[in-house]
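Some notes on the structure that comes next.
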Amino acid sequence: MSDVELGDVGGEDPQEEKRRRKKKKHRTPEENEDRRRQKEASEGGGGGGGGDDADDGNGEDEENLDEKSFSPAKGPKSFGVSTKSPSARSEMSSKSAKEPREEDGEDGDDEPHVSGVSKKSMTTSRKSKKGYLNRTRALLNSSIAFVKTGLYKVGVLAKPIDPNDGYTGEVWVKPSRAVAKKHARDTNVMQIRAGINVYMDNPALEPFDGDEIFAEIYAQCERKGISINKVIKTGPFTATIEDVALSSAGDLEQQGVLIAGIRVTCVKEQLSSELEGDDDDKVGGKTKGAKKKEGEDRDVEANFIHPDLIRPYNLRSTGPNELGELGVGIGLYFHSLLWGARVLGLLSVVGCFTLITYLLAGLSSAQIDSESLTWFAIPTLGAVIWTEENASGLFLGKSMNKTVMLIITSVECLMAIGFIYLVKKMKRDQSVAIDAMDVSNISLQDYAVKVDYLPRDVTAEELGTFFSKFGKVHQVTLGTDVSGVIGKHRRRGEMVNTREELGAKFAKSRGKNFIVGEQIRVHDKAMQQLEKALVEATNNARAGRGNRVTSAFVTFETEDSRKACEKKMKPGSTMAWLFRRKKYKFRETYRLWINRAPEASDILWENLTVDGAVGATRRFFSWIFMTILLVCTCAMVVLAESAQSTVPPAIACDAPAASGALDCDAIWPAVNATGQNSSLILLEVREMMDQVDAVTCVEYVSGGQWKGTDLNTYDGVSRIDSKSWYNADGTWAGGFDANTLRDECSAMACFDCFCKTRVASLVLIGVGFTEDTDGYYALCETYFAGQFYGVATSGFTAVLNIALGTFTRVFSNFEKHHTKSGLESSVSVKLFLALVVNSALIPVLVFAKISKFDFIPYLFAGPYEDFVVDWYQTVSATLSTTLVVNACVFPLTALGYAGWASLKRVLFAGSCVTQRQLNNLHSGSSFDLSERYAQLLAMMFVAICFQAAMPALVPVTAGFCLVAYHEAKYTLLRHSKKPPAYDETMARFFWAFAPSAAFCKLFVTLWMVSAEGVPSFGATVEPLVDVLEPISETSGQFSFATRFTTLNGAVAFFTALIVVLLTVLNQNRVFVMKFVSKFGASFVMQTGTDEDELSNNVPDISIALSDGILKGLAGYMIASNPEYNAFVPPSATIGAGGLNQPKPAEWEAVMQSMSAAEEERMRVEMKKMTATFVEEAGVEYGGDMGNVLKKKKKTKRGGKVAPEEEDSGFLGNKPQLNSKESFVAPLAWGDETTETTTEVTETTEETAGDGNNSDAGETLEEKAERRRRRKERKERKKKERDE
């Protein structure tokens, strides 16, 4: 080959060189690494260099190309390029490596032309089927590469890591889903099994059931130290011992049990030994590194509990009792839901007579034809009013209308009384359960009181000395102002989390995200400033500088001491605080405010600094803000409903048109006109109807019917000249007839007829499919807006009700409550009031017309002066729609939040850059009990309140309770994290407000059934009418003479009066019991005895702490609170005393002095009691015994024992009664007196036998018990004397 030929082959085009360099620049790290390995392999195999056998990393491919693509005749000469210049070899090598190869030996589209291959064969090859598939594959690959490049840029996909990019910072580690699932298992609601199952399989089990097997093996297991609780028979020869402790299951498996003398083998449940792997660590369905060395495995326990023992709750079998394991308040809430479903269901059954009566009246053919009541307005009291106005009869006949309504009124009043009784019964049942749990769950709350309004320089020792007068003090804890420290620490925690996320993003980009780098720099600077302020605040807190005492917690040794303190200091009593006696003032100056102490874990320490006037001011402004919010929300509801109220009432169009009384098409023949003429005719209708409203036209349009005379004289007199509509001065000309409003009212009626008969065609115009050529859409636009407002108002109210939950929590947080329970209670009260106002009160006030209150904007200026048929068609329909929408929205909103959380976990789990972010996605949402209680009570309140007029609301609410129960259970057990240990505060809120629904029901029933159109017998309550006459009106809402001259109103009024009277007596039952005690003393005495016996069941706190039976935290020191001890210094609380801590000497000195004074006082009292006993016994006994006792009568001077006889009293050296005399039986005193005398004589015997040293060897508890018994006997004796 000539030199020219060599030069042609070895030369390289500059454009080709530029293209090659560009390809090299855009190679990925994987491609570079692959090329390097190929080159090393080529140099090692072929010796490198420019020899004939060199292939520069692609020799194998070129050899295959030689064998498959070219004929053997050409031989190696065809590869002459490999012997030419290195640039040519490099170009061929790179192209052969990049370009696709065909399996059958055909070249790709970009194959370079090689001598020996004709162009015709190359063209044929491109047109082949496999060539087309290769081009398609290449196109798809390039498209995928383009999409990946875009995803790399937006950050959805992470670029492959290049280890040689020079980055030396932190290495980003992808968050583990296995760790996130373990975190979810620890934080979400899960059921923890108490143990594992042990299985038995033996023919000896056949004749026994589960309880009998349990009885057979219980004693055996107890002797072996194995605790068993339940045995289930699973088959003829098999049984299962459930929930056996892990440590005991192995012993049970080794030893077995004896049943009927036969040794039965036990097999324990096998727990898994491997953890579920991360999805990202699985290859081919198997987990990488499934077999790891011991010590390298992940933690297989959650809180030292095997994962197999942690499982989700069973949705079917889990009830309120099982849910109570999550907290008393949780169980009570679900119990309240079921109670609501049952009670409202019962009320629905009792009230079915009312509902059937209304339905039959509303679905009568005459009412349906009149279209006066539609949809939700049919099953209402309005149907009865329509029936009475049209001289029709109810289902028992016209003559029985009044009797039927009297029965309905009486049943409704009885249901109100029954509802109050059922609420009280539920309160008793739940209180018994709470008391039982309180007795079994001993906590700090049983021993402690919370003290506020302390001086700044108070010390724990001094405060303990003051409270020692009520009993032995165990510990005193002073809380200090740590709000600043806690706030800074929480901000620091948030900033730490943000810094972690920014650092992970920067590490994930391997230092190439300069925006995140700048954010890190700014964030670190702010972090340094916060750290500096935090160190200063922490040092001040540790040194006690700037921290004033906020509140104190005094923990007594016994519950009796705490009760004694509460008895003298009157917790929560403003009058007792204002008129505090000097001996009960701290330092004889400061009035301390005492309350029952909350649980230690319930305290919000950062809020303790807000008390007194500051706390009252915050609560005041919180209610101001809440009122402003309600005004704003009410204004929006009012505007919507006001727009709805301006829509003319609906009427029946066919009947008056057929009779000729009102033929709209004859009066305004727009149907016979087109275009501009039709529009002008309809414009006249609009102008005429704007001159009147539903109130002014009540004479002609009422109850959905046209009540005016025939309008045949108006047929065809419509005018299309707008100048004739108004006078020269712009005033209305009077329509067809200036002397009456009949023509204008007919236009208002025809407006409804024109629009509702053309709904389909007008909808097409509204969506733009057709044009409004005849003017009907311009006329009816207001009509459709009013219909839309009717539906939108209910939906808008439901949305506002959901938003109010967030606002009420913000306002409640602003109040700075001292406890979490107080915060939740505040949220519930505010939200309940807001829901009731929005859902029920505002619609009633907007449509009411009360002249006395017409000065209030938007309110009391509606079209209805009383409860008429149109009111039920408009207002009751709105109320019913709102309640139904709320019944659907409340559960669906909670399910929507849960579904959104699950969707976020699917969508955004891959974009999490930190483990904390992924953990938060897997964590459940909070289960807000306060909002749920408020929703339940608001729904129940509205339904019960309006049941007499709208009985269908009660079954709807019963269904809501049932649906809410299952929704809440599903949400809690599947999508919620572990809720706080709610106490009974929310349940007490429910008990307090639920009876108010019955009182409101009686008032609304009184007002509705006594309306003018409701059939009723006459009645006269003259004294009441005379009293109310000054404020009574001649007609309308405040016509008291009309209201109370109906038997329906009288029945409802006297029922309400009786209920109010009984409620007042119940609220003042203490005074009533004291009055009744004069006739039945044993009733009051029994109550006090039970309370004393109950308190004696609570051990001393030192014993409870040492035995480990104290529930909750062991003290009020902030160091023992895991929620705060991580970032609040222990010096934030100052304490004195405590378990295993020395008590200050001042406390012991006070106790000793009080013991001596108490003993001396008791000695004097016993002397007086003995003298009284001897004096009265001498009168009661007859014969010789009476003479003996009379001789032993004490001499009294001025009501006191004579000084010379002080030592000869009941406790003296010479007792007046010896043991022999004390056993003399009384003569015919009765059983009670005999028992009392026997107790006194027995005590007398014990005391007299010991003389002055009778108290020797007694403990303080024994002395207190003896004193209590003596005091009881003294009070009993006094009452007997009074009788």
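Chain lettering (A, B, ...) mirrors the order of the structure tokens, residue numbering begins at 1 for each chain separately, and ligand numbering begins at 1 in order of display.
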What are the closest atom pairs, with distances in Å to one decimal, for all residues of segment 604-637 of chain A lying within 12 Å of segment 543-567 of chain A? Consider only C-alpha atoms, order rows by chain and residue number, and present the result as JSON lines.
```
{"residue": "A:Leu604", "atom": "CA", "partner": "A:Ser551", "partner_atom": "CA", "distance": 11.7}
{"residue": "A:Trp605", "atom": "CA", "partner": "A:Thr550", "partner_atom": "CA", "distance": 9.5}
{"residue": "A:Glu606", "atom": "CA", "partner": "A:Thr550", "partner_atom": "CA", "distance": 10.1}
{"residue": "A:Asn607", "atom": "CA", "partner": "A:Thr550", "partner_atom": "CA", "distance": 9.4}
{"residue": "A:Leu608", "atom": "CA", "partner": "A:Thr550", "partner_atom": "CA", "distance": 5.9}
{"residue": "A:Thr609", "atom": "CA", "partner": "A:Thr550", "partner_atom": "CA", "distance": 5.2}
{"residue": "A:Val610", "atom": "CA", "partner": "A:Thr550", "partner_atom": "CA", "distance": 8.2}
{"residue": "A:Asp611", "atom": "CA", "partner": "A:Thr550", "partner_atom": "CA", "distance": 8.3}
{"residue": "A:Gly612", "atom": "CA", "partner": "A:Thr550", "partner_atom": "CA", "distance": 10.7}
```
Tell me which protein, DNA and RNA residues are within 8 Å of Glu744 of chain A, counting only C-alpha atoms, leaving out same-chain ones fewer than 5 positions away, and put them as a list in words.
Met688, Met689, Gln691, Val692 and Gly735 of chain A
Would you output that residue set with N, CA and C atoms, as an mmCIF file, in the first residue's frame?
```
data_model
loop_
_atom_site.group_PDB
_atom_site.id
_atom_site.type_symbol
_atom_site.label_atom_id
_atom_site.label_comp_id
_atom_site.auth_asym_id
_atom_site.auth_seq_id
_atom_site.Cartn_x
_atom_site.Cartn_y
_atom_site.Cartn_z
ATOM 1 N N MET A 688 -91.627 44.294 38.564
ATOM 2 C CA MET A 688 -92.786 44.253 39.444
ATOM 3 C C MET A 688 -92.501 43.443 40.708
ATOM 4 N N MET A 689 -91.803 42.322 40.599
ATOM 5 C CA MET A 689 -91.525 41.508 41.777
ATOM 6 C C MET A 689 -90.513 42.165 42.712
ATOM 7 N N GLN A 691 -90.681 45.053 43.741
ATOM 8 C CA GLN A 691 -91.384 46.015 44.586
ATOM 9 C C GLN A 691 -91.964 45.363 45.850
ATOM 10 N N VAL A 692 -91.971 44.039 45.915
ATOM 11 C CA VAL A 692 -92.587 43.341 47.048
ATOM 12 C C VAL A 692 -91.629 42.245 47.515
ATOM 13 N N GLY A 735 -97.891 49.395 38.809
ATOM 14 C CA GLY A 735 -98.169 48.181 38.065
ATOM 15 C C GLY A 735 -99.454 48.263 37.293
#
```
Nearest residue to Ala998 of chain A from the set A:Leu414, A:Leu323, A:Val516, A:Leu578 (distances using only C-alpha atoms)
A:Leu414
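Minimum atom-to-atom distance to Pro951 of chain A, evaluated using only C-alpha atoms, belongs to A:Lys1001 out of A:Lys1001, A:Arg988, A:Arg193, A:Lys978.
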Hey, what's within 9 Å of Arg916 of chain A if we count only C-alpha atoms and toss same-chain stuff fewer than 4 positions away? As a VMD selection string, please?
chain A and resid 175 180 497 501 912 920 to 921
Tell me, which residues of segment 705-835 of chain A carry DSSP strand (DSSP E or B), written as an NGL selection string?
:A and (705-706 or 726 or 732 or 819)
Those same residues, written as a PDB file, in the first residue's frame with C-alpha atoms?
```pdb
ATOM      1  CA  GLN A 705    -100.178  28.400  47.335  1.00  0.00           C
ATOM      2  CA  TRP A 706    -101.717  31.344  45.497  1.00  0.00           C
ATOM      3  CA  TYR A 726     -92.296  54.393  36.604  1.00  0.00           C
ATOM      4  CA  TRP A 732     -93.156  53.063  40.935  1.00  0.00           C
ATOM      5  CA  THR A 819     -52.354  21.193  82.520  1.00  0.00           C
TER       6      THR A 819
END
```
Pick out the residues sitting within 10 Å of Leu779 of chain A, and hand them over as a PyMOL selection string; count only C-alpha atoms, and ignore anything fewer than 6 positions along from it in its own chain.
chain A and resi 679+682-686+751+754-755
Applying 8 Å and only C-alpha atoms, which residues near segment 1136-1143 of chain A remain after dropping the ones on its own chain fewer than 4 positions away? List them as a list in words.
Ala460, Glu461, His474, Gln475, Val476, Thr477, Ser1102, Leu1105, Trp1147 and Glu1148 of chain A
Between atom CA of His975 of chain A and atom CA of Ala184 of chain A, what distance in Å does the model show, to one decimal?
10.1 Å
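Residues with any atom within 7 Å of Ile241 of chain A, counting only C-alpha atoms and excluding same-chain neighbours fewer than 6 positions away, are Asn197, Val198, Tyr199, Lys230, Val231 and Ile232 of chain A.
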